[in-house]
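Shown below: final-v9.json, with JSON, C-alpha atoms.
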```json
[["chain", "number", "residue", "atom", "x", "y", "z"],
["Y", 1, "MET", "CA", 0.28, 13.76, 24.83],
["Y", 2, "ASN", "CA", -2.93, 15.59, 25.63],
["Y", 3, "GLU", "CA", -5.78, 13.85, 23.80],
["Y", 4, "LYS", "CA", -7.44, 17.19, 23.02],
["Y", 5, "THR", "CA", -4.35, 18.56, 21.30],
["Y", 6, "ARG", "CA", -2.95, 15.38, 19.75],
["Y", 7, "LYS", "CA", -1.84, 16.34, 16.24],
["Y", 8, "VAL", "CA", 0.51, 14.92, 13.63],
["Y", 9, "ASN", "CA", 1.87, 16.12, 10.31],
["Y", 10, "VAL", "CA", 1.59, 13.60, 7.47],
["Y", 11, "ALA", "CA", 2.76, 13.45, 3.86],
["Y", 12, "VAL", "CA", 1.52, 11.61, 0.79],
["Y", 13, "VAL", "CA", 4.10, 11.19, -1.97],
["Y", 14, "GLN", "CA", 2.79, 11.18, -5.54],
["Y", 15, "ALA", "CA", 5.68, 10.24, -7.80],
["Y", 16, "SER", "CA", 6.83, 7.88, -10.50],
["Y", 17, "PRO", "CA", 9.29, 5.11, -9.71],
["Y", 18, "ILE", "CA", 12.28, 4.52, -11.92],
["Y", 19, "LEU", "CA", 10.31, 1.74, -13.55],
["Y", 20, "PHE", "CA", 11.85, -1.74, -13.42],
["Y", 21, "ASP", "CA", 14.93, -0.34, -11.61],
["Y", 22, "ARG", "CA", 14.80, -1.28, -7.93],
["Y", 23, "GLU", "CA", 18.02, 0.39, -6.84],
["Y", 24, "ALA", "CA", 17.28, 3.72, -8.51],
["Y", 25, "THR", "CA", 13.74, 3.74, -7.11],
["Y", 26, "VAL", "CA", 15.02, 3.03, -3.61],
["Y", 27, "GLU", "CA", 17.35, 6.00, -3.97],
["Y", 28, "LYS", "CA", 14.41, 8.18, -5.06],
["Y", 29, "THR", "CA", 12.34, 6.85, -2.13],
["Y", 30, "CYS", "CA", 15.02, 7.84, 0.37],
["Y", 31, "ARG", "CA", 15.38, 11.29, -1.20],
["Y", 32, "LEU", "CA", 11.63, 11.93, -1.10],
["Y", 33, "THR", "CA", 11.47, 10.65, 2.49],
["Y", 34, "ARG", "CA", 14.06, 13.22, 3.50],
["Y", 35, "GLU", "CA", 12.22, 15.95, 1.59],
["Y", 36, "ALA", "CA", 8.91, 15.18, 3.31],
["Y", 37, "ALA", "CA", 10.56, 14.94, 6.73],
["Y", 38, "ASP", "CA", 12.25, 18.31, 6.20],
["Y", 39, "LYS", "CA", 8.73, 19.77, 5.88],
["Y", 40, "GLY", "CA", 7.78, 18.29, 9.25],
["Y", 41, "ALA", "CA", 6.04, 15.04, 8.23],
["Y", 42, "LYS", "CA", 6.08, 12.26, 10.83],
["Y", 43, "LEU", "CA", 4.16, 9.74, 8.71],
["Y", 44, "ILE", "CA", 5.00, 9.39, 5.00],
["Y", 45, "LEU", "CA", 3.02, 7.26, 2.53],
["Y", 46, "PHE", "CA", 4.21, 6.09, -0.90],
["Y", 47, "PRO", "CA", 2.01, 4.53, -3.63],
["Y", 48, "GLU", "CA", 1.06, 0.94, -4.41],
["Y", 49, "ALA", "CA", 3.78, -1.09, -6.15],
["Y", 50, "PHE", "CA", 6.21, 1.83, -6.03],
["Y", 51, "ILE", "CA", 9.20, -0.52, -6.09],
["Y", 52, "PRO", "CA", 9.91, -1.58, -8.81],
["Y", 53, "ALA", "CA", 6.75, -0.61, -10.76],
["Y", 54, "TYR", "CA", 3.05, -0.91, -11.33],
["Y", 55, "PRO", "CA", 3.32, -2.25, -14.92],
["Y", 56, "ARG", "CA", 0.21, -0.58, -16.28],
["Y", 57, "GLY", "CA", -0.56, -1.42, -19.89],
["Y", 58, "LEU", "CA", 1.63, -4.51, -20.21],
["Y", 59, "THR", "CA", 0.15, -7.93, -21.04],
["Y", 60, "PHE", "CA", 3.24, -10.04, -20.25],
["Y", 61, "GLY", "CA", 2.42, -11.91, -23.45],
["Y", 62, "ALA", "CA", -0.62, -13.69, -22.07],
["Y", 63, "VAL", "CA", -3.90, -14.62, -23.68],
["Y", 64, "VAL", "CA", -6.30, -17.36, -22.63],
["Y", 65, "GLY", "CA", -4.52, -20.58, -23.52],
["Y", 66, "GLY", "CA", -1.17, -19.09, -24.45],
["Y", 67, "ARG", "CA", 1.94, -17.20, -23.34],
["Y", 68, "THR", "CA", 4.83, -15.79, -25.36],
["Y", 69, "ALA", "CA", 8.57, -16.10, -24.83],
["Y", 70, "SER", "CA", 8.83, -12.31, -24.89],
["Y", 71, "GLY", "CA", 6.21, -12.00, -22.14],
["Y", 72, "ARG", "CA", 8.06, -14.51, -20.00],
["Y", 73, "ARG", "CA", 11.24, -12.43, -20.33],
["Y", 74, "THR", "CA", 9.35, -9.28, -19.33],
["Y", 75, "PHE", "CA", 8.05, -11.09, -16.27],
["Y", 76, "GLN", "CA", 11.60, -12.26, -15.47],
["Y", 77, "ARG", "CA", 12.79, -8.66, -15.53],
["Y", 78, "TYR", "CA", 9.92, -7.63, -13.25],
["Y", 79, "PHE", "CA", 10.62, -10.57, -10.95],
["Y", 80, "GLU", "CA", 14.31, -9.73, -10.69],
["Y", 81, "GLY", "CA", 13.47, -6.15, -9.70],
["Y", 82, "ALA", "CA", 11.17, -7.21, -6.86],
["Y", 83, "VAL", "CA", 11.94, -6.79, -3.15],
["Y", 84, "GLU", "CA", 13.11, -9.57, -0.86],
["Y", 85, "ILE", "CA", 12.42, -9.47, 2.88],
["Y", 86, "PRO", "CA", 14.88, -9.23, 4.54],
["Y", 87, "GLY", "CA", 17.27, -7.62, 2.10],
["Y", 88, "GLU", "CA", 19.19, -4.54, 1.08],
["Y", 89, "THR", "CA", 16.06, -2.63, 0.02],
["Y", 90, "ILE", "CA", 14.54, -3.09, 3.47],
["Y", 91, "GLU", "CA", 17.75, -1.94, 5.11],
["Y", 92, "ARG", "CA", 18.02, 1.21, 2.98],
["Y", 93, "ILE", "CA", 14.41, 2.34, 3.47],
["Y", 94, "GLY", "CA", 14.69, 1.53, 7.16],
["Y", 95, "GLU", "CA", 17.81, 3.66, 7.39],
["Y", 96, "ALA", "CA", 15.98, 6.58, 5.74],
["Y", 97, "ALA", "CA", 13.14, 6.21, 8.26],
["Y", 98, "ARG", "CA", 15.65, 6.13, 11.12],
["Y", 99, "GLU", "CA", 17.61, 9.14, 9.89],
["Y", 100, "THR", "CA", 14.44, 11.22, 9.48],
["Y", 101, "GLU", "CA", 12.70, 9.80, 12.59],
["Y", 102, "THR", "CA", 9.54, 9.11, 10.58],
["Y", 103, "PHE", "CA", 7.06, 6.32, 10.04],
["Y", 104, "VAL", "CA", 7.23, 5.25, 6.39],
["Y", 105, "ALA", "CA", 4.69, 3.10, 4.53],
["Y", 106, "ILE", "CA", 5.45, 2.06, 0.97],
["Y", 107, "GLY", "CA", 4.02, -0.25, -1.65],
["Y", 108, "VAL", "CA", 6.43, -2.79, -3.10],
["Y", 109, "ILE", "CA", 6.35, -5.92, -5.19],
["Y", 110, "GLU", "CA", 7.57, -8.58, -2.78],
["Y", 111, "ARG", "CA", 9.36, -11.71, -3.97],
["Y", 112, "ASP", "CA", 8.50, -14.74, -1.87],
["Y", 113, "THR", "CA", 11.53, -16.05, 0.01],
["Y", 114, "GLU", "CA", 9.79, -18.49, 2.34],
["Y", 115, "PHE", "CA", 8.29, -21.15, 0.09],
["Y", 116, "SER", "CA", 8.58, -21.47, -3.69],
["Y", 117, "ARG", "CA", 10.68, -18.31, -4.32],
["Y", 118, "GLY", "CA", 8.69, -17.96, -7.53],
["Y", 119, "THR", "CA", 5.66, -15.86, -6.54],
["Y", 120, "LEU", "CA", 5.31, -12.08, -6.33],
["Y", 121, "TYR", "CA", 2.99, -10.23, -3.95],
["Y", 122, "CYS", "CA", 1.72, -6.66, -3.98],
["Y", 123, "THR", "CA", 2.73, -5.64, -0.47],
["Y", 124, "LEU", "CA", 2.50, -2.61, 1.82],
["Y", 125, "LEU", "CA", 5.50, -2.26, 4.16],
["Y", 126, "TYR", "CA", 5.55, -0.31, 7.44],
["Y", 127, "PHE", "CA", 8.72, 1.14, 8.98],
["Y", 128, "ASP", "CA", 9.04, 2.90, 12.36],
["Y", 129, "PRO", "CA", 11.24, 5.91, 13.27],
["Y", 130, "GLU", "CA", 13.95, 3.57, 14.54],
["Y", 131, "GLY", "CA", 14.23, 2.05, 11.08],
["Y", 132, "ARG", "CA", 12.62, -1.26, 11.96],
["Y", 133, "LEU", "CA", 10.27, -3.06, 9.61],
["Y", 134, "LEU", "CA", 7.13, -3.15, 11.73],
["Y", 135, "GLY", "CA", 5.27, -5.51, 9.42],
["Y", 136, "LYS", "CA", 3.60, -5.90, 6.06],
["Y", 137, "HIS", "CA", 0.24, -6.37, 4.37],
["Y", 138, "ARG", "CA", -0.02, -8.54, 1.27],
["Y", 139, "LYS", "CA", -2.87, -7.62, -1.08],
["Y", 140, "LEU", "CA", -5.63, -10.15, -0.56],
["Y", 141, "MET", "CA", -7.09, -10.05, -4.04],
["Y", 142, "PRO", "CA", -5.20, -8.86, -7.12],
["Y", 143, "THR", "CA", -7.55, -7.27, -9.65],
["Y", 144, "ALA", "CA", -8.13, -8.63, -13.16],
["Y", 145, "SER", "CA", -4.79, -9.08, -14.99],
["Y", 146, "GLU", "CA", -2.88, -8.39, -11.79],
["Y", 147, "ARG", "CA", -3.70, -12.01, -10.93],
["Y", 148, "LEU", "CA", -1.36, -13.10, -13.71],
["Y", 149, "ILE", "CA", 1.70, -11.55, -12.05],
["Y", 150, "TRP", "CA", 0.83, -11.39, -8.31],
["Y", 151, "GLY", "CA", -0.22, -14.01, -5.82],
["Y", 152, "ALA", "CA", -3.04, -13.51, -3.29],
["Y", 153, "GLY", "CA", -2.19, -12.75, 0.32],
["Y", 154, "ASP", "CA", -3.83, -14.47, 3.27],
["Y", 155, "GLY", "CA", -5.30, -13.21, 6.53],
["Y", 156, "SER", "CA", -2.02, -13.39, 8.40],
["Y", 157, "THR", "CA", -0.94, -9.97, 7.11],
["Y", 158, "LEU", "CA", -3.77, -7.65, 8.14],
["Y", 159, "PRO", "CA", -1.92, -5.54, 10.69],
["Y", 160, "THR", "CA", -2.49, -2.21, 12.36],
["Y", 161, "PHE", "CA", 0.18, -0.50, 14.45],
["Y", 162, "ALA", "CA", -0.10, 1.71, 17.52],
["Y", 163, "THR", "CA", 1.94, 4.91, 17.35],
["Y", 164, "GLU", "CA", 2.25, 7.87, 19.68],
["Y", 165, "PHE", "CA", -0.23, 9.79, 17.52],
["Y", 166, "GLY", "CA", -2.72, 7.04, 16.60],
["Y", 167, "ARG", "CA", -3.23, 3.57, 15.15],
["Y", 168, "ILE", "CA", -2.22, 3.17, 11.50],
["Y", 169, "GLY", "CA", -3.18, 0.49, 8.99],
["Y", 170, "GLY", "CA", -4.85, 0.10, 5.65],
["Y", 171, "LEU", "CA", -5.65, -1.74, 2.46],
["Y", 172, "ILE", "CA", -4.33, -1.63, -1.10],
["Y", 173, "CYS", "CA", -6.29, -0.30, -4.08],
["Y", 174, "TRP", "CA", -9.46, -2.29, -4.82],
["Y", 175, "GLU", "CA", -9.27, -4.16, -1.52],
["Y", 176, "ASN", "CA", -10.93, -0.96, -0.37],
["Y", 177, "TYR", "CA", -14.02, -2.03, -2.30],
["Y", 178, "MET", "CA", -14.24, -5.15, -0.10],
["Y", 179, "PRO", "CA", -16.68, -4.28, 2.73],
["Y", 180, "LEU", "CA", -15.52, -7.11, 4.98],
["Y", 181, "ALA", "CA", -11.86, -6.18, 4.56],
["Y", 182, "ARG", "CA", -12.67, -2.61, 5.55],
["Y", 183, "MET", "CA", -14.63, -3.85, 8.56],
["Y", 184, "ALA", "CA", -11.61, -5.90, 9.63],
["Y", 185, "MET", "CA", -9.56, -2.68, 9.67],
["Y", 186, "TYR", "CA", -12.24, -0.78, 11.59],
["Y", 187, "GLY", "CA", -12.42, -3.60, 14.11],
["Y", 188, "LYS", "CA", -8.70, -3.17, 14.75],
["Y", 189, "GLY", "CA", -9.27, 0.48, 15.64],
["Y", 190, "VAL", "CA", -7.54, 2.06, 12.66],
["Y", 191, "GLU", "CA", -7.35, 5.85, 13.03],
["Y", 192, "ILE", "CA", -5.11, 6.77, 10.10],
["Y", 193, "TYR", "CA", -6.19, 4.59, 7.19],
["Y", 194, "LEU", "CA", -3.63, 4.20, 4.39],
["Y", 195, "ALA", "CA", -4.93, 3.52, 0.89],
["Y", 196, "PRO", "CA", -2.11, 3.28, -1.68],
["Y", 197, "THR", "CA", -3.59, 2.64, -5.11],
["Y", 198, "ALA", "CA", -3.21, 2.57, -8.89],
["Y", 199, "ASP", "CA", -6.76, 3.89, -9.48],
["Y", 200, "CYS", "CA", -6.79, 7.42, -10.88],
["Y", 201, "ARG", "CA", -10.50, 7.73, -11.74],
["Y", 202, "ASP", "CA", -12.75, 10.44, -10.33],
["Y", 203, "THR", "CA", -14.86, 7.74, -8.67],
["Y", 204, "TRP", "CA", -11.89, 6.72, -6.52],
["Y", 205, "GLN", "CA", -12.17, 9.98, -4.65],
["Y", 206, "SER", "CA", -15.73, 9.10, -3.70],
["Y", 207, "THR", "CA", -14.49, 5.75, -2.37],
["Y", 208, "LEU", "CA", -11.92, 7.41, -0.12],
["Y", 209, "GLU", "CA", -14.41, 9.96, 1.18],
["Y", 210, "HIS", "CA", -16.84, 7.14, 1.96],
["Y", 211, "ILE", "CA", -14.17, 5.19, 3.87],
["Y", 212, "ALA", "CA", -13.33, 8.27, 5.94],
["Y", 213, "CYS", "CA", -16.98, 8.78, 6.87],
["Y", 214, "GLU", "CA", -17.66, 5.07, 7.37],
["Y", 215, "GLY", "CA", -14.62, 4.44, 9.54],
["Y", 216, "ARG", "CA", -14.53, 7.88, 11.14],
["Y", 217, "CYS", "CA", -10.81, 7.87, 10.41],
["Y", 218, "PHE", "CA", -8.32, 9.95, 8.47],
["Y", 219, "VAL", "CA", -7.70, 8.51, 5.01],
["Y", 220, "LEU", "CA", -4.44, 8.96, 3.10],
["Y", 221, "GLY", "CA", -4.87, 8.07, -0.57],
["Y", 222, "CYS", "CA", -1.68, 7.76, -2.59],
["Y", 223, "ASN", "CA", -1.10, 7.09, -6.30],
["Y", 224, "GLN", "CA", 1.71, 7.33, -8.81],
["Y", 225, "PHE", "CA", 2.10, 9.89, -11.57],
["Y", 226, "VAL", "CA", 3.51, 8.05, -14.59],
["Y", 227, "THR", "CA", 4.10, 8.93, -18.24],
["Y", 228, "LYS", "CA", 5.12, 6.84, -21.23],
["Y", 229, "SER", "CA", 8.62, 8.29, -21.08],
["Y", 230, "ASP", "CA", 9.07, 6.81, -17.59],
["Y", 231, "TYR", "CA", 9.14, 3.27, -19.02],
["Y", 232, "PRO", "CA", 12.59, 1.92, -19.95],
["Y", 233, "SER", "CA", 13.17, 2.19, -23.70],
["Y", 234, "ASP", "CA", 14.53, -1.36, -23.93],
["Y", 235, "LEU", "CA", 11.53, -3.00, -22.23],
["Y", 236, "GLU", "CA", 10.07, -5.89, -24.21],
["Y", 237, "GLY", "CA", 6.38, -5.28, -24.82],
["Y", 238, "LEU", "CA", 6.71, -1.48, -24.78],
["Y", 239, "GLU", "CA", 4.80, -1.27, -28.08],
["Y", 240, "GLU", "CA", 1.69, -2.30, -26.13],
["Y", 241, "LEU", "CA", 1.56, 1.30, -24.83],
["Y", 242, "ASP", "CA", 1.31, 2.82, -28.32],
["Y", 243, "ASP", "CA", -2.43, 3.50, -28.02],
["Y", 244, "PHE", "CA", -2.14, 4.98, -24.51],
["Y", 245, "GLU", "CA", -2.11, 8.72, -23.83],
["Y", 246, "ASP", "CA", 1.24, 10.24, -22.84],
["Y", 247, "ILE", "CA", 0.11, 10.32, -19.20],
["Y", 248, "ILE", "CA", -0.28, 6.67, -18.19],
["Y", 249, "CYS", "CA", -1.46, 7.42, -14.64],
["Y", 250, "ARG", "CA", -2.54, 10.94, -13.64],
["Y", 251, "GLY", "CA", -2.40, 10.40, -9.85],
["Y", 252, "GLY", "CA", -5.19, 11.64, -7.61],
["Y", 253, "SER", "CA", -3.49, 11.46, -4.20],
["Y", 254, "THR", "CA", -5.46, 13.04, -1.37],
["Y", 255, "ILE", "CA", -5.87, 13.39, 2.41],
["Y", 256, "ILE", "CA", -9.36, 13.25, 3.95],
["Y", 257, "SER", "CA", -10.73, 13.91, 7.45],
["Y", 258, "PRO", "CA", -13.00, 11.59, 9.51],
["Y", 259, "LEU", "CA", -16.08, 13.51, 8.37],
["Y", 260, "GLY", "CA", -15.12, 13.37, 4.70],
["Y", 261, "GLU", "CA", -13.52, 16.81, 4.36],
["Y", 262, "VAL", "CA", -10.70, 16.95, 1.83],
["Y", 263, "LEU", "CA", -7.66, 18.35, 3.61],
["Y", 264, "ALA", "CA", -5.24, 18.14, 0.68],
["Y", 265, "GLY", "CA", -5.54, 17.27, -2.99],
["Y", 266, "PRO", "CA", -6.57, 15.54, -5.06],
["Y", 267, "LEU", "CA", -3.34, 16.09, -6.99],
["Y", 268, "TYR", "CA", -3.44, 15.34, -10.71],
["Y", 269, "ASN", "CA", -1.06, 15.41, -13.69],
["Y", 270, "GLU", "CA", 2.17, 16.03, -11.80],
["Y", 271, "GLU", "CA", 4.52, 14.67, -9.20],
["Y", 272, "GLY", "CA", 4.27, 16.24, -5.78],
["Y", 273, "ILE", "CA", 3.95, 15.75, -2.04],
["Y", 274, "LEU", "CA", 0.75, 16.56, -0.19],
["Y", 275, "TYR", "CA", 0.91, 17.64, 3.45],
["Y", 276, "ALA", "CA", -1.68, 17.97, 6.20],
["Y", 277, "GLU", "CA", -1.82, 18.38, 9.96],
["Y", 278, "LEU", "CA", -4.20, 15.83, 11.42],
["Y", 279, "ASP", "CA", -6.10, 16.79, 14.56],
["Y", 280, "MET", "CA", -6.67, 13.35, 16.09],
["Y", 281, "GLY", "CA", -9.45, 14.75, 18.28],
["Y", 282, "GLU", "CA", -11.61, 14.81, 15.13],
["Y", 283, "ILE", "CA", -11.93, 11.03, 15.37],
["Y", 284, "ALA", "CA", -13.73, 11.13, 18.73],
["Y", 285, "ARG", "CA", -15.89, 14.00, 17.51],
["Y", 286, "GLY", "CA", -16.83, 11.93, 14.48],
["Y", 287, "LYS", "CA", -17.55, 8.75, 16.43],
["Y", 288, "TYR", "CA", -19.92, 10.66, 18.69],
["Y", 289, "ASP", "CA", -22.79, 9.70, 16.39],
["Y", 290, "PHE", "CA", -21.38, 6.82, 14.34],
["Y", 291, "ASP", "CA", -18.89, 4.11, 15.32],
["Y", 292, "VAL", "CA", -19.06, 1.31, 12.76],
["Y", 293, "ALA", "CA", -17.25, -1.23, 14.95],
["Y", 294, "GLY", "CA", -18.73, 0.07, 18.20],
["Y", 295, "HIS", "CA", -22.16, 1.37, 19.16],
["Y", 296, "TYR", "CA", -23.41, 1.20, 15.54],
["Y", 297, "ALA", "CA", -22.27, -2.39, 14.92],
["Y", 298, "ARG", "CA", -25.26, -4.51, 16.09],
["Y", 299, "PRO", "CA", -23.19, -7.67, 16.78],
["Y", 300, "ASP", "CA", -26.39, -9.42, 17.85],
["Y", 301, "VAL", "CA", -27.38, -9.36, 14.17],
["Y", 302, "PHE", "CA", -24.07, -9.18, 12.26],
["Y", 303, "GLN", "CA", -20.63, -10.60, 13.08],
["Y", 304, "LEU", "CA", -17.48, -10.84, 10.99],
["Y", 305, "LEU", "CA", -15.10, -13.78, 11.38],
["Y", 306, "VAL", "CA", -11.57, -13.07, 10.15],
["Y", 307, "ASN", "CA", -9.12, -15.93, 9.65],
["Y", 308, "GLU", "CA", -5.70, -14.49, 10.46],
["Y", 309, "GLN", "CA", -3.87, -17.81, 10.41],
["Y", 310, "PRO", "CA", -1.12, -18.29, 7.80],
["Y", 311, "THR", "CA", -2.02, -20.72, 5.03],
["Y", 312, "PRO", "CA", 1.29, -22.22, 3.84],
["Y", 313, "PRO", "CA", 1.15, -24.56, 0.83],
["Y", 314, "VAL", "CA", 3.35, -27.14, 2.52],
["Y", 315, "VAL", "CA", 3.12, -28.11, 6.19],
["Y", 316, "SER", "CA", 5.71, -30.53, 7.57],
["Y", 317, "ARG", "CA", 5.09, -32.41, 10.77],
["Y", 318, "SER", "CA", 7.87, -34.46, 12.28],
["Y", 319, "THR", "CA", 7.16, -37.30, 14.71],
["Y", 320, "GLU", "CA", 9.54, -38.94, 17.10],
["Y", 321, "LYS", "CA", 9.78, -42.71, 16.95],
["Y", 322, "ARG", "CA", 8.53, -44.13, 20.20],
["Y", 323, "GLY", "CA", 10.66, -46.73, 21.95],
["Y", 324, "ASP", "CA", 9.27, -49.98, 23.34]]
```
Spit out the file's structure as structure tokens when you get a sec.
Amino acid sequence: MNEKTRKVNVAVVQASPILFDREATVEKTCRLTREAADKGAKLILFPEAFIPAYPRGLTFGAVVGGRTASGRRTFQRYFEGAVEIPGETIERIGEAARETETFVAIGVIERDTEFSRGTLYCTLLYFDPEGRLLGKHRKLMPTASERLIWGAGDGSTLPTFATEFGRIGGLICWENYMPLARMAMYGKGVEIYLAPTADCRDTWQSTLEHIACEGRCFVLGCNQFVTKSDYPSDLEGLEELDDFEDIICRGGSTIISPLGEVLAGPLYNEEGILYAELDMGEIARGKYDFDVAGHYARPDVFQLLVNEQPTPPVVSRSTEKRGD
């Protein structure tokens, strides 16, 4: 592909999951993937924690020094709706990516299957047009009460992926406020920066515009649109939403160019899909005068060390008994 004319159509899906219902949300994900692909999208981004839910407003019965039986049951329901890797959810989303010949990135709540089988992670999954799971990123630092229900990822899941139109990668929600995490992405040459989130404030838009200018990359910001009526009526703890407005999360999805120009959005107060054609030549034009991990980096003064080794809680080492 000619570098001067390298372009790609992308889509950002702002929608509500079928909260706490993994199977129904997977079905909606596949439907929306087909809809975006029918409009020409080759890269499709879904929000943070889209499957099975971002449980905004729920306390899970926790206060300092105490937990309730009801809160534990709510967590059990959330836990049982989480995504295992590998598993049927991965297969179904992969099949949708394969059928539509698209790259798909989606936020899920991942249930650990390698160690304790008791911890959940806020995870971003990447699928290629052949339906393969390319890899995942586990959120490094859950924010505030998120720490009650999600574990913290380690440096072993900080990937970027080369595609025919550019290198994709990204961070989840308030990880994007972590300067060193952003620098790790820039150092990997990210060109299309994915930023699924649950933050719907006006200030979030400033953050995404800053990242685009700082990294001289395209930024795809993606959030959910959720109302009270989207929560299941039989959910324990639902009364905790009584003081919330009818719109629980207003969205704010957007697409931004490497010089901070808003190409689509922000979209508020409704479900919808944003589309944009990205001219990848804009990245080189932007880096002409500022390349944060290149000629503007000053490695003689500043260097970032990133530990990308897995940090398992249990390490077993077997030794062979030596004969005389």
Skip Arg182 in chain Y itself and residues of its chain fewer than 2 positions away, then list as a list in words all residues within 10 Å of it, counting all atoms listed in the file.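 Residues meeting the cut-off are Gly170, Leu171, Glu175, Asn176, Tyr177, Met178, Pro179, Leu180, Ala184, Met185, Tyr186, Gly187, Val190, Tyr193, Ile211, Glu214 and Gly215 of chain Y.
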Take the selection from the previous step and output its residues with C-alpha atoms, as an mmCIF file, in the coordinates of the input.
```
data_model
loop_
_atom_site.group_PDB
_atom_site.id
_atom_site.type_symbol
_atom_site.label_atom_id
_atom_site.label_comp_id
_atom_site.auth_asym_id
_atom_site.auth_seq_id
_atom_site.Cartn_x
_atom_site.Cartn_y
_atom_site.Cartn_z
ATOM 1 C CA GLY Y 170 -4.850 0.100 5.650
ATOM 2 C CA LEU Y 171 -5.650 -1.740 2.460
ATOM 3 C CA GLU Y 175 -9.270 -4.160 -1.520
ATOM 4 C CA ASN Y 176 -10.930 -0.960 -0.370
ATOM 5 C CA TYR Y 177 -14.020 -2.030 -2.300
ATOM 6 C CA MET Y 178 -14.240 -5.150 -0.100
ATOM 7 C CA PRO Y 179 -16.680 -4.280 2.730
ATOM 8 C CA LEU Y 180 -15.520 -7.110 4.980
ATOM 9 C CA ALA Y 184 -11.610 -5.900 9.630
ATOM 10 C CA MET Y 185 -9.560 -2.680 9.670
ATOM 11 C CA TYR Y 186 -12.240 -0.780 11.590
ATOM 12 C CA GLY Y 187 -12.420 -3.600 14.110
ATOM 13 C CA VAL Y 190 -7.540 2.060 12.660
ATOM 14 C CA TYR Y 193 -6.190 4.590 7.190
ATOM 15 C CA ILE Y 211 -14.170 5.190 3.870
ATOM 16 C CA GLU Y 214 -17.660 5.070 7.370
ATOM 17 C CA GLY Y 215 -14.620 4.440 9.540
#
```
Would you mind listing what lies within 9 Å of range 61-68 of chain Y as a PyMOL selection string, with only C-alpha atoms counted and same-chain residues fewer than 6 positions away left out? chain Y and resi 74+148+237
Could I get the residues of range 106-153 of chain Y with an atom no further than 12 Å from an atom of range 198-204 of chain Y, each paired with its nearest atom pair and that distance in Å to one decimal, using only C-alpha atoms, sorted by chain and residue number, as JSON lines?
```
{"residue": "Y:Gly107", "atom": "CA", "partner": "Y:Ala198", "partner_atom": "CA", "distance": 10.6}
{"residue": "Y:Cys122", "atom": "CA", "partner": "Y:Ala198", "partner_atom": "CA", "distance": 11.6}
{"residue": "Y:Pro142", "atom": "CA", "partner": "Y:Ala198", "partner_atom": "CA", "distance": 11.7}
{"residue": "Y:Thr143", "atom": "CA", "partner": "Y:Ala198", "partner_atom": "CA", "distance": 10.8}
{"residue": "Y:Glu146", "atom": "CA", "partner": "Y:Ala198", "partner_atom": "CA", "distance": 11.3}
```
Taking (8.1, -8.1, -3.2) in the file's coordinates as the center, which residues reach within 7 Å of it, counting all atoms listed in the file, put as an MDAnalysis selection string? chainID Y and resid 82:84 108:112 120:123
One decimal, in Å: what's the spacing between CA of Gly272 in chain Y and CA of Thr59 in chain Y? 28.9 Å
Contact check, range 120-163 of chain Y to range 297-321 of chain Y, at most 12 Å, counting only C-alpha atoms, closest pairs as JSON lines:
```
{"residue": "Y:His137", "atom": "CA", "partner": "Y:Glu308", "partner_atom": "CA", "distance": 11.8}
{"residue": "Y:Arg138", "atom": "CA", "partner": "Y:Pro310", "partner_atom": "CA", "distance": 11.8}
{"residue": "Y:Leu140", "atom": "CA", "partner": "Y:Glu308", "partner_atom": "CA", "distance": 11.8}
{"residue": "Y:Ala152", "atom": "CA", "partner": "Y:Thr311", "partner_atom": "CA", "distance": 11.1}
{"residue": "Y:Gly153", "atom": "CA", "partner": "Y:Thr311", "partner_atom": "CA", "distance": 9.3}
{"residue": "Y:Asp154", "atom": "CA", "partner": "Y:Pro310", "partner_atom": "CA", "distance": 6.5}
{"residue": "Y:Gly155", "atom": "CA", "partner": "Y:Glu308", "partner_atom": "CA", "distance": 4.2}
{"residue": "Y:Ser156", "atom": "CA", "partner": "Y:Glu308", "partner_atom": "CA", "distance": 4.4}
{"residue": "Y:Thr157", "atom": "CA", "partner": "Y:Glu308", "partner_atom": "CA", "distance": 7.4}
{"residue": "Y:Leu158", "atom": "CA", "partner": "Y:Glu308", "partner_atom": "CA", "distance": 7.5}
{"residue": "Y:Pro159", "atom": "CA", "partner": "Y:Glu308", "partner_atom": "CA", "distance": 9.7}
```
Distance in Å - CA of Phe20 in chain Y versus CA of Pro52 in chain Y: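 Taking CA of Phe20 in chain Y as the start and CA of Pro52 in chain Y as the end point, the length is 5.0 Å.
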Identify which of the residues Y:Asp246, Y:Thr119, Y:Ala105, Y:Gly166 lies closest to Lys228 in chain Y, counting all atoms listed in the file when measuring atom-to-atom distances.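 Closest to Lys228 in chain Y of all the choices is Y:Asp246.
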Cys213 in chain Y surroundings by only C-alpha atoms, 6 Å radius, close-in-sequence under 2 positions cut, as a PDB file with C-alpha atoms, in the coordinates of the input:
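Result written to out-v2.pdb:
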```pdb
ATOM      1  CA  HIS Y 210     -16.840   7.140   1.960  1.00  0.00           C
ATOM      2  CA  ILE Y 211     -14.170   5.190   3.870  1.00  0.00           C
ATOM      3  CA  GLY Y 215     -14.620   4.440   9.540  1.00  0.00           C
ATOM      4  CA  ARG Y 216     -14.530   7.880  11.140  1.00  0.00           C
ATOM      5  CA  PRO Y 258     -13.000  11.590   9.510  1.00  0.00           C
ATOM      6  CA  LEU Y 259     -16.080  13.510   8.370  1.00  0.00           C
ATOM      7  CA  GLY Y 260     -15.120  13.370   4.700  1.00  0.00           C
TER       8      GLY Y 260
END
```
Could you work out how far CA of Glu164 in chain Y lies from CA of Glu91 in chain Y, giving the answer in Å with one decimal? 23.4 Å
So that I can see what lies close to Lys188 in chain Y, please list as a list in words the residues with an atom at most 10 Å from it, counting all atoms listed in the file and leaving out residues fewer than 4 positions away in the same chain. Leu158, Pro159, Thr160, Phe161, Arg167, Ile168, Gly169, Met183, Ala184 and Ala293 of chain Y
